[in-house]
>>> print(open('start_27.cif').read())   # mmCIF, C-alpha atoms
data_start
#
loop_
_atom_site.group_PDB
_atom_site.id
_atom_site.type_symbol
_atom_site.label_atom_id
_atom_site.label_comp_id
_atom_site.auth_asym_id
_atom_site.auth_seq_id
_atom_site.Cartn_x
_atom_site.Cartn_y
_atom_site.Cartn_z
ATOM 1 C CA MET A 23 0.000 0.000 0.000
ATOM 2 C CA MET A 24 1.407 3.338 -1.024
ATOM 3 C CA ALA A 25 2.036 5.704 1.842
ATOM 4 C CA GLN A 26 0.251 8.962 1.569
ATOM 5 C CA ILE A 27 2.560 11.915 1.443
ATOM 6 C CA PRO A 28 1.244 14.681 3.614
ATOM 7 C CA ALA A 29 0.996 18.064 2.000
ATOM 8 C CA PRO A 30 3.687 20.299 3.434
ATOM 9 C CA ALA A 31 2.998 23.669 4.924
ATOM 10 C CA ALA A 32 2.828 26.508 2.424
ATOM 11 C CA SER A 33 6.241 27.777 3.476
ATOM 12 C CA ASP A 34 7.782 24.320 2.758
ATOM 13 C CA THR A 35 6.245 24.385 -0.705
ATOM 14 C CA ASP A 36 7.607 27.829 -1.311
ATOM 15 C CA SER A 37 11.096 26.831 -0.277
ATOM 16 C CA ALA A 38 10.970 23.630 -2.366
ATOM 17 C CA TRP A 39 9.965 25.612 -5.420
ATOM 18 C CA ALA A 40 12.523 28.276 -4.696
ATOM 19 C CA ALA A 41 15.251 25.642 -4.370
ATOM 20 C CA PHE A 42 14.217 24.021 -7.641
ATOM 21 C CA GLU A 43 14.135 27.361 -9.402
ATOM 22 C CA THR A 44 17.538 28.279 -8.040
ATOM 23 C CA GLU A 45 19.277 24.935 -8.513
ATOM 24 C CA ALA A 46 17.725 23.340 -11.578
ATOM 25 C CA LEU A 47 16.134 25.911 -13.845
ATOM 26 C CA PRO A 48 19.318 27.826 -14.714
ATOM 27 C CA HIS A 49 20.509 24.661 -16.489
ATOM 28 C CA VAL A 50 17.601 24.457 -18.923
ATOM 29 C CA ASP A 51 19.471 26.224 -21.725
ATOM 30 C CA ARG A 52 22.450 23.860 -21.613
ATOM 31 C CA LEU A 53 20.222 20.871 -21.101
ATOM 32 C CA PHE A 54 18.268 21.816 -24.196
ATOM 33 C CA ARG A 55 21.440 22.184 -26.299
ATOM 34 C CA LEU A 56 22.474 18.722 -25.199
ATOM 35 C CA ALA A 57 19.048 17.280 -26.038
ATOM 36 C CA MET A 58 19.040 19.071 -29.380
ATOM 37 C CA TRP A 59 22.469 17.716 -30.256
ATOM 38 C CA PHE A 60 21.421 14.155 -29.531
ATOM 39 C CA GLU A 61 17.916 14.283 -30.989
ATOM 40 C CA ARG A 62 18.506 16.583 -34.001
ATOM 41 C CA ASN A 63 14.830 17.417 -33.822
ATOM 42 C CA ARG A 64 13.436 20.467 -32.024
ATOM 43 C CA PRO A 65 10.039 19.109 -30.919
ATOM 44 C CA GLU A 66 11.727 15.911 -29.695
ATOM 45 C CA ALA A 67 14.331 17.901 -27.800
ATOM 46 C CA GLU A 68 11.709 20.148 -26.214
ATOM 47 C CA ASP A 69 9.673 17.153 -25.152
ATOM 48 C CA LEU A 70 12.760 15.440 -23.759
ATOM 49 C CA VAL A 71 13.763 18.457 -21.664
ATOM 50 C CA GLN A 72 10.212 18.950 -20.410
ATOM 51 C CA GLU A 73 10.014 15.311 -19.357
ATOM 52 C CA THR A 74 13.429 15.614 -17.726
ATOM 53 C CA MET A 75 12.365 18.644 -15.715
ATOM 54 C CA MET A 76 9.160 16.884 -14.680
ATOM 55 C CA GLN A 77 11.122 13.917 -13.393
ATOM 56 C CA ALA A 78 13.698 16.174 -11.770
ATOM 57 C CA LEU A 79 11.018 18.016 -9.829
ATOM 58 C CA ARG A 80 9.362 14.749 -8.889
ATOM 59 C CA SER A 81 12.589 13.476 -7.372
ATOM 60 C CA PHE A 82 14.091 16.766 -6.295
ATOM 61 C CA HIS A 83 14.013 15.616 -2.663
ATOM 62 C CA ARG A 84 16.755 13.160 -3.662
ATOM 63 C CA PHE A 85 19.045 15.854 -4.989
ATOM 64 C CA GLN A 86 21.827 16.676 -2.551
ATOM 65 C CA PRO A 87 22.458 20.423 -2.277
ATOM 66 C CA GLY A 88 26.066 21.263 -2.968
ATOM 67 C CA THR A 89 26.506 18.504 -5.543
ATOM 68 C CA ASN A 90 26.566 19.072 -9.299
ATOM 69 C CA CYS A 91 22.968 19.763 -10.277
ATOM 70 C CA ARG A 92 23.747 19.854 -14.003
ATOM 71 C CA ALA A 93 25.256 16.379 -13.804
ATOM 72 C CA TRP A 94 22.189 15.197 -11.917
ATOM 73 C CA LEU A 95 19.866 16.665 -14.557
ATOM 74 C CA THR A 96 21.997 15.233 -17.358
ATOM 75 C CA THR A 97 21.719 11.787 -15.794
ATOM 76 C CA ILE A 98 17.942 12.103 -15.694
ATOM 77 C CA LEU A 99 17.880 13.301 -19.304
ATOM 78 C CA GLN A 100 19.948 10.326 -20.439
ATOM 79 C CA HIS A 101 17.694 7.904 -18.583
ATOM 80 C CA VAL A 102 14.562 9.465 -20.079
ATOM 81 C CA ARG A 103 16.168 9.302 -23.500
ATOM 82 C CA SER A 104 17.210 5.704 -23.040
ATOM 83 C CA ASN A 105 13.713 4.703 -21.882
ATOM 84 C CA ARG A 106 12.151 6.430 -24.876
ATOM 85 C CA ARG A 107 14.447 4.692 -27.315
ATOM 86 C CA ARG A 108 13.631 1.389 -25.696
ATOM 87 C CA ALA A 109 9.885 2.110 -25.855
ATOM 88 C CA ARG A 110 10.204 2.890 -29.549
ATOM 89 C CA GLY A 111 11.971 -0.372 -30.178
ATOM 90 C CA ARG A 112 15.344 1.226 -30.787
ATOM 91 C CA SER A 113 18.266 -0.071 -28.852
ATOM 92 C CA PRO A 114 19.398 2.202 -26.038
ATOM 93 C CA LEU A 115 22.775 3.802 -26.593
ATOM 94 C CA VAL A 116 24.496 1.774 -23.924
ATOM 95 C CA GLU A 117 25.756 -1.125 -25.967
ATOM 96 C CA ASP A 118 29.411 -1.399 -26.740
ATOM 97 C CA PRO A 119 30.073 0.256 -30.083
ATOM 98 C CA ASP A 120 31.831 -1.608 -32.804
ATOM 99 C CA ASP A 121 35.398 -1.811 -31.631
ATOM 100 C CA ARG A 122 36.620 -2.535 -35.138
ATOM 101 C CA ILE A 123 35.431 0.887 -36.248
ATOM 102 C CA ALA A 124 36.965 2.531 -33.209
ATOM 103 C CA GLN A 125 40.320 0.856 -33.593
ATOM 104 C CA ALA A 126 40.513 1.461 -37.316
ATOM 105 C CA VAL A 127 41.923 4.934 -36.852
ATOM 106 C CA PRO A 128 45.324 4.290 -38.384
ATOM 107 C CA PHE A 129 46.875 7.677 -37.948
ATOM 108 C CA VAL A 130 45.843 10.525 -35.692
ATOM 109 C CA PRO A 131 46.996 13.815 -37.145
ATOM 110 C CA PRO A 132 47.732 16.801 -34.945
ATOM 111 C CA VAL A 133 44.854 19.122 -34.218
ATOM 112 C CA PRO A 134 44.672 21.788 -36.942
ATOM 113 C CA GLN A 135 45.740 25.233 -35.830
ATOM 114 C CA HIS A 136 42.731 27.238 -36.908
ATOM 115 C CA LEU A 137 39.471 25.684 -35.918
ATOM 116 C CA ILE A 138 36.141 27.216 -36.699
ATOM 117 C CA ASP A 139 32.947 26.243 -34.910
ATOM 118 C CA GLU A 140 31.327 24.639 -37.955
ATOM 119 C CA ASP A 141 34.338 22.403 -38.569
ATOM 120 C CA ILE A 142 34.403 21.226 -34.972
ATOM 121 C CA LEU A 143 30.696 20.448 -34.769
ATOM 122 C CA GLY A 144 30.758 18.870 -38.234
ATOM 123 C CA ALA A 145 33.634 16.582 -37.266
ATOM 124 C CA LEU A 146 31.952 15.681 -33.996
ATOM 125 C CA ALA A 147 28.725 14.808 -35.803
ATOM 126 C CA ARG A 148 30.580 12.390 -38.094
ATOM 127 C CA ILE A 149 31.894 10.103 -35.385
ATOM 128 C CA PRO A 150 29.685 7.282 -34.015
ATOM 129 C CA ALA A 151 27.050 8.324 -31.474
ATOM 130 C CA PRO A 152 28.421 6.454 -28.421
ATOM 131 C CA PHE A 153 31.727 8.317 -28.812
ATOM 132 C CA GLN A 154 29.985 11.654 -29.362
ATOM 133 C CA GLU A 155 28.072 11.138 -26.124
ATOM 134 C CA VAL A 156 31.086 10.738 -23.875
ATOM 135 C CA ILE A 157 33.013 13.539 -25.562
ATOM 136 C CA VAL A 158 30.140 15.995 -25.244
ATOM 137 C CA LEU A 159 29.462 15.034 -21.640
ATOM 138 C CA CYS A 160 33.137 15.332 -20.725
ATOM 139 C CA ASP A 161 34.399 18.251 -22.790
ATOM 140 C CA VAL A 162 31.286 20.364 -23.188
ATOM 141 C CA GLU A 163 29.268 19.560 -20.095
ATOM 142 C CA GLU A 164 32.358 19.115 -17.923
ATOM 143 C CA LEU A 165 31.057 16.031 -16.174
ATOM 144 C CA THR A 166 33.563 13.841 -14.357
ATOM 145 C CA TYR A 167 34.260 10.327 -15.608
ATOM 146 C CA LYS A 168 32.255 8.985 -12.688
ATOM 147 C CA GLU A 169 29.295 11.230 -13.491
ATOM 148 C CA ILE A 170 29.401 10.194 -17.151
ATOM 149 C CA ALA A 171 29.463 6.535 -16.165
ATOM 150 C CA GLY A 172 26.389 7.111 -14.001
ATOM 151 C CA ALA A 173 24.540 9.097 -16.661
ATOM 152 C CA LEU A 174 25.132 6.514 -19.383
ATOM 153 C CA SER A 175 24.964 3.437 -17.142
ATOM 154 C CA ILE A 176 28.319 2.157 -18.361
ATOM 155 C CA PRO A 177 31.500 1.213 -16.474
ATOM 156 C CA ILE A 178 34.020 3.975 -15.898
ATOM 157 C CA GLY A 179 36.594 2.015 -17.898
ATOM 158 C CA THR A 180 34.277 2.143 -20.899
ATOM 159 C CA VAL A 181 33.973 5.904 -20.471
ATOM 160 C CA MET A 182 37.741 6.231 -20.555
ATOM 161 C CA SER A 183 38.240 3.967 -23.560
ATOM 162 C CA ARG A 184 35.457 5.668 -25.532
ATOM 163 C CA LEU A 185 36.941 9.059 -24.743
ATOM 164 C CA HIS A 186 40.359 7.940 -25.882
ATOM 165 C CA ARG A 187 39.136 6.430 -29.141
ATOM 166 C CA GLY A 188 36.509 9.087 -29.734
ATOM 167 C CA ARG A 189 39.044 11.887 -29.470
ATOM 168 C CA ALA A 190 41.350 10.071 -31.855
ATOM 169 C CA MET A 191 38.476 9.817 -34.338
ATOM 170 C CA LEU A 192 37.590 13.455 -33.815
ATOM 171 C CA ARG A 193 41.138 14.556 -34.507
ATOM 172 C CA SER A 194 41.242 12.335 -37.526
ATOM 173 C CA GLU A 195 38.030 13.902 -38.860
ATOM 174 C CA LEU A 196 39.330 17.392 -38.177
ATOM 175 C CA GLY A 197 42.584 16.563 -39.913
ATOM 176 C CA ALA A 198 40.691 15.245 -42.933
ATOM 177 C CA SER A 199 38.486 18.328 -43.187
ATOM 178 C CA ASP A 200 41.533 20.562 -42.714
ATOM 179 C CA ALA A 201 43.315 18.740 -45.531
ATOM 180 C CA MET A 202 40.277 19.164 -47.786
ATOM 181 C CA ALA A 203 40.110 22.861 -46.952
ATOM 182 C CA GLY A 204 43.824 23.109 -47.786
ATOM 183 C CA THR A 205 43.235 21.420 -51.122
ATOM 184 C CA ARG A 206 40.410 23.848 -51.873
ATOM 185 C CA ARG A 207 42.631 26.799 -50.910
ATOM 186 C CA ALA A 208 45.472 25.510 -53.088
ATOM 187 C CA GLY A 209 43.094 24.999 -55.989
ATOM 188 C CA GLY A 210 41.944 28.594 -55.692
ATOM 189 C CA MET B 250 57.685 9.513 -18.129
ATOM 190 C CA GLU B 251 58.036 9.499 -21.894
ATOM 191 C CA CYS B 252 56.232 11.424 -24.613
ATOM 192 C CA ARG B 253 54.078 8.422 -25.459
ATOM 193 C CA ASP B 254 52.857 8.163 -21.846
ATOM 194 C CA VAL B 255 52.101 11.868 -21.784
ATOM 195 C CA ARG B 256 50.057 11.659 -24.990
ATOM 196 C CA ASP B 257 48.099 8.732 -23.549
ATOM 197 C CA MET B 258 47.275 10.643 -20.402
ATOM 198 C CA ALA B 259 46.961 14.135 -21.846
ATOM 199 C CA ASP B 260 43.167 14.218 -22.021
ATOM 200 C CA ALA B 261 42.762 12.800 -18.524
ATOM 201 C CA PHE B 262 45.206 15.452 -17.344
ATOM 202 C CA LEU B 263 43.110 18.195 -18.953
ATOM 203 C CA ALA B 264 39.958 16.747 -17.424
ATOM 204 C CA GLU B 265 41.710 16.736 -14.034
ATOM 205 C CA GLU B 266 41.130 13.007 -13.773
ATOM 206 C CA LEU B 267 44.724 11.892 -13.269
ATOM 207 C CA VAL B 268 45.259 10.217 -9.927
ATOM 208 C CA GLY B 269 48.316 9.548 -7.827
ATOM 209 C CA ASP B 270 51.613 11.101 -8.744
ATOM 210 C CA SER B 271 50.944 10.853 -12.500
ATOM 211 C CA SER B 272 49.992 14.497 -12.613
ATOM 212 C CA ASP B 273 53.253 15.593 -10.979
ATOM 213 C CA ARG B 274 55.334 13.377 -13.267
ATOM 214 C CA MET B 275 53.494 14.737 -16.244
ATOM 215 C CA LEU B 276 54.116 18.327 -15.164
ATOM 216 C CA ARG B 277 57.814 17.560 -14.795
ATOM 217 C CA HIS B 278 57.889 16.139 -18.316
ATOM 218 C CA LEU B 279 56.037 19.142 -19.727
ATOM 219 C CA GLU B 280 58.615 21.504 -18.262
ATOM 220 C CA THR B 281 61.246 20.027 -20.521
ATOM 221 C CA CYS B 282 59.325 18.868 -23.622
ATOM 222 C CA ARG B 283 58.103 21.507 -26.026
ATOM 223 C CA PHE B 284 56.402 18.954 -28.313
ATOM 224 C CA CYS B 285 54.210 17.624 -25.536
ATOM 225 C CA ARG B 286 53.411 21.161 -24.385
ATOM 226 C CA ASP B 287 52.302 22.011 -27.919
ATOM 227 C CA ASP B 288 50.261 18.831 -28.141
ATOM 228 C CA LEU B 289 48.580 19.573 -24.828
ATOM 229 C CA GLY B 290 47.885 23.129 -25.952
ATOM 230 C CA ALA B 291 46.249 21.848 -29.148
ATOM 231 C CA ARG B 292 44.077 19.430 -27.187
ATOM 232 C CA ARG B 293 43.032 22.202 -24.838
ATOM 233 C CA ALA B 294 42.226 24.456 -27.805
ATOM 234 C CA LEU B 295 40.070 21.723 -29.330
ATOM 235 C CA ARG B 296 38.211 21.166 -26.075
ATOM 236 C CA ASP B 297 37.643 24.900 -25.581
ATOM 237 C CA GLY B 298 36.629 25.270 -29.219
ATOM 238 C CA MET B 299 34.094 22.499 -28.905
ATOM 239 C CA ARG B 300 32.633 24.064 -25.776
ATOM 240 C CA ARG B 301 32.433 27.442 -27.496
ATOM 241 C CA ALA B 302 30.906 26.000 -30.672
ATOM 242 C CA PHE B 303 28.309 24.110 -28.695
ATOM 243 C CA HIS B 304 27.237 27.117 -26.665
ATOM 244 C CA HIS B 305 27.172 29.501 -29.612
ATOM 245 C CA ALA B 306 25.436 27.277 -32.171
ATOM 246 C CA ARG B 307 22.115 28.887 -33.009
ATOM 247 C CA GLU B 308 20.660 25.647 -34.265
ATOM 248 C CA LEU B 309 21.070 24.135 -30.801
ATOM 249 C CA ALA B 310 19.597 27.054 -28.863
ATOM 250 C CA PRO B 311 16.174 26.819 -27.252
ATOM 251 C CA THR B 312 13.552 29.231 -28.518
ATOM 252 C CA PRO B 313 12.555 32.151 -26.281
ATOM 253 C CA ALA B 314 9.050 30.679 -26.108
ATOM 254 C CA PHE B 315 10.409 27.387 -24.774
ATOM 255 C CA LEU B 316 12.571 29.139 -22.189
ATOM 256 C CA THR B 317 9.621 31.203 -21.044
ATOM 257 C CA ARG B 318 7.616 28.040 -20.593
ATOM 258 C CA VAL B 319 10.296 25.888 -18.975
ATOM 259 C CA GLY B 320 13.344 27.950 -18.086
ATOM 260 C CA PRO B 321 14.113 30.323 -15.253
ATOM 261 C CA ARG B 322 12.090 33.468 -15.040
ATOM 262 C CA SER B 323 13.733 36.789 -14.571
ATOM 263 C CA ALA B 324 12.651 38.986 -11.711
ATOM 264 C CA THR B 325 11.111 41.388 -14.184
ATOM 265 C CA HIS B 326 9.151 38.761 -16.090
ATOM 266 C CA PRO B 327 5.454 39.715 -16.094
ATOM 267 C CA ALA B 328 4.482 36.167 -15.147
ATOM 268 C CA ARG B 329 6.696 36.268 -12.068
ATOM 269 C CA ARG B 330 4.639 35.844 -8.954
ATOM 270 C CA PRO B 331 4.843 34.119 -5.577
ATOM 271 C CA LEU B 332 5.599 30.451 -6.086
ATOM 272 C CA ALA B 333 2.726 29.231 -3.971
ATOM 273 C CA ALA B 334 0.345 31.142 -6.180
ATOM 274 C CA ALA B 335 2.067 29.697 -9.239
ATOM 275 C CA CYS B 336 1.315 26.205 -7.932
ATOM 276 C CA ALA B 337 -2.375 26.887 -7.597
ATOM 277 C CA PHE B 338 -3.006 29.153 -10.562
ATOM 278 C CA PRO B 339 -0.683 28.531 -13.482
ATOM 279 C CA ALA B 340 -0.736 31.625 -15.608
ATOM 280 C CA GLY B 341 1.777 30.520 -18.183
ATOM 281 C CA GLY B 342 -0.410 27.847 -19.749
ATOM 282 C CA CYS B 343 0.264 24.125 -19.965
ATOM 283 C CA TRP B 344 2.608 22.089 -22.047
ATOM 284 C CA PRO B 345 0.978 20.558 -25.045
ATOM 285 C CA ARG B 346 1.134 16.895 -24.098
ATOM 286 C CA ARG B 347 1.064 16.890 -20.362
ATOM 287 C CA CYS B 348 0.328 19.297 -17.629
ATOM 288 C CA CYS B 349 3.040 21.828 -16.977
ATOM 289 C CA TRP B 350 5.027 20.990 -13.858
ATOM 290 C CA ARG B 351 4.792 24.611 -12.836
ATOM 291 C CA SER B 352 1.116 24.042 -12.147
ATOM 292 C CA LEU B 353 1.713 21.165 -9.737
ATOM 293 C CA PRO B 354 2.814 21.555 -6.138
ATOM 294 C CA PRO B 355 5.772 19.285 -5.358
ATOM 295 C CA TRP B 356 3.905 17.063 -2.883
ATOM 296 C CA ARG B 357 1.382 16.223 -5.613
ATOM 297 C CA ILE B 358 3.855 15.020 -8.173
ATOM 298 C CA ALA B 359 6.162 13.398 -5.642
ATOM 299 C CA ALA B 360 3.435 10.878 -4.835
#
>>> encode(input="start_27.cif", output="structure tokens")
Amino acid sequence: MMAQIPAPAASDTDSAWAAFETEALPHVDRLFRLAMWFERNRPEAEDLVQETMMQALRSFHRFQPGTNCRAWLTTILQHVRSNRRRARGRSPLVEDPDDRIAQAVPFVPPVPQHLIDEDILGALARIPAPFQEVIVLCDVEELTYKEIAGALSIPIGTVMSRLHRGRAMLRSELGASDAMAGTRRAGG
Amino acid sequence: MECRDVRDMADAFLAEELVGDSSDRMLRHLETCRFCRDDLGARRALRDGMRRAFHHARELAPTPAFLTRVGPRSATHPARRPLAAACAFPAGGCWPRRCCWRSLPPWRIAA
């Protein structure tokens, strides 16, 4: 039998809302960018962030003040996303990616000197999704390895190996696009 | 520590995830190796560039309408009002597919 949760006094409600507004809502912009990157579809991303915020508020009593709220929200977003993919019959993005693809990066060129935003995001978009995920969560969202492991429900060792291989692929893609740009420049 | 070890650990170093004395040994190597310093600088530039690109990309930005509905409200926002009142009388409308969480007091949706 489900225990009935007593309604708190009005002042408790106010403080709970205030805490949620202060701690969680400032992260909506970044959370949306993350959702948009993964979903590539604005209505899907909006729905995903809304659902995430709903779940975050529902379980806000579990959030520990002083810890990384953005990491906590990102974890919820990834779980919502994973559940949705599963419900739609798509495999969740937690399986091990094809190692053969990852290890087939024969030569990792140095990072080109002059990087423009479009080149970086284009290169990132061309590498397999499981590698994109860990790179974005680590380098853009600044989550720790442990937080990434929790958000994606994968072992920390997998986080580290995907980061290592993913960055090699990213550099390889950037090197390739830099070489193509050089060819175009040389060709006038 | 050799250059190869430094390259293997460079990203973990940047992410401040190196444990033990690896970080100190790496710093000692970097003091004397220009190639590894350059490599580390390039990795840092890529990481910073990615962060910048992500946060500046217009195609990834939420619309103002979405932020008004879901995001933080500024103190001057016309819909700003005491939170208790917001629980009882949502003025900002509801989300299309499910009721807006702003309209629900926490004890209701925590059940």
>>> resolve_selection(input="start_27.cif", expression="the PyMOL selection byres ((chain A and resi 52) around 12)", output="PyMOL selection string")
(chain A and resi 46-51+53-59+67+71+92-93+95-96+99+158-159+162-164) or (chain B and resi 300+303-306+309-311+316+320)
>>> closest_residue(input="start_27.cif", among="A:Glu169, A:Glu195, A:Asp161, A:Asp141", to="chain B", atoms="all atoms listed in the file")
A:Asp161
>>> axis_aligned_box(input="start_27.cif", around="stretch 172-188 of chain A", padding_each_side="3 Å", output="lines of an AutoDock Vina configuration file")
center_x = 32.4
center_y = 5.2
center_z = -21.9
size_x = 21.8
size_y = 13.9
size_z = 21.7
>>> closest_residue(input="start_27.cif", among="A:His186, A:Arg64, A:Arg80, A:His101", to="chain B", atoms="only C-alpha atoms")
A:Arg80
>>> closest_residue(input="start_27.cif", among="B:Glu280, B:Glu251, B:Asp270, B:Asp257", to="chain A", atoms="only C-alpha atoms")
B:Asp257
>>> resolve_selection(input="start_27.cif", expression="the PyMOL selection byres ((chain B and resi 289) around 10)", output="list in words")
Val255, Arg256, Ala259, Asp260, Phe262, Leu263, Leu279, Arg283, Phe284, Cys285, Arg286, Asp287, Asp288, Gly290, Ala291, Arg292, Arg293, Ala294 and Leu295 of chain B
>>> closest_residue(input="start_27.cif", among="A:Gly197, A:Gly188, A:Gly111, A:Gly88", to="A:Pro152", atoms="only C-alpha atoms")
A:Gly188
>>> closest_residue(input="start_27.cif", among="A:Val181, A:Ser81, A:Lys168, A:Ala41", to="chain B", atoms="all atoms listed in the file")
A:Ser81
>>> atom_distance(input="start_27.cif", atom1="atom CA of B:Thr317", atom2="atom CA of A:Glu155")
27.7 Å
>>> atom_distance(input="start_27.cif", atom1="atom CA of A:Cys91", atom2="atom CA of A:Ser175")
17.8 Å
>>> closest_residue(input="start_27.cif", among="A:Ser104, A:Thr166, A:Ser183, A:Asn90", to="chain B", atoms="all atoms listed in the file")
A:Thr166
>>> resolve_selection(input="start_27.cif", expression="the PyMOL selection byres ((chain B and resi 298) around 8)", output="VMD selection string")
(chain A and resid 137 to 139 142) or (chain B and resid 294 to 297 299 to 302)
>>> atom_distance(input="start_27.cif", atom1="atom CA of A:Gln100", atom2="atom CA of A:Leu174")
6.5 Å
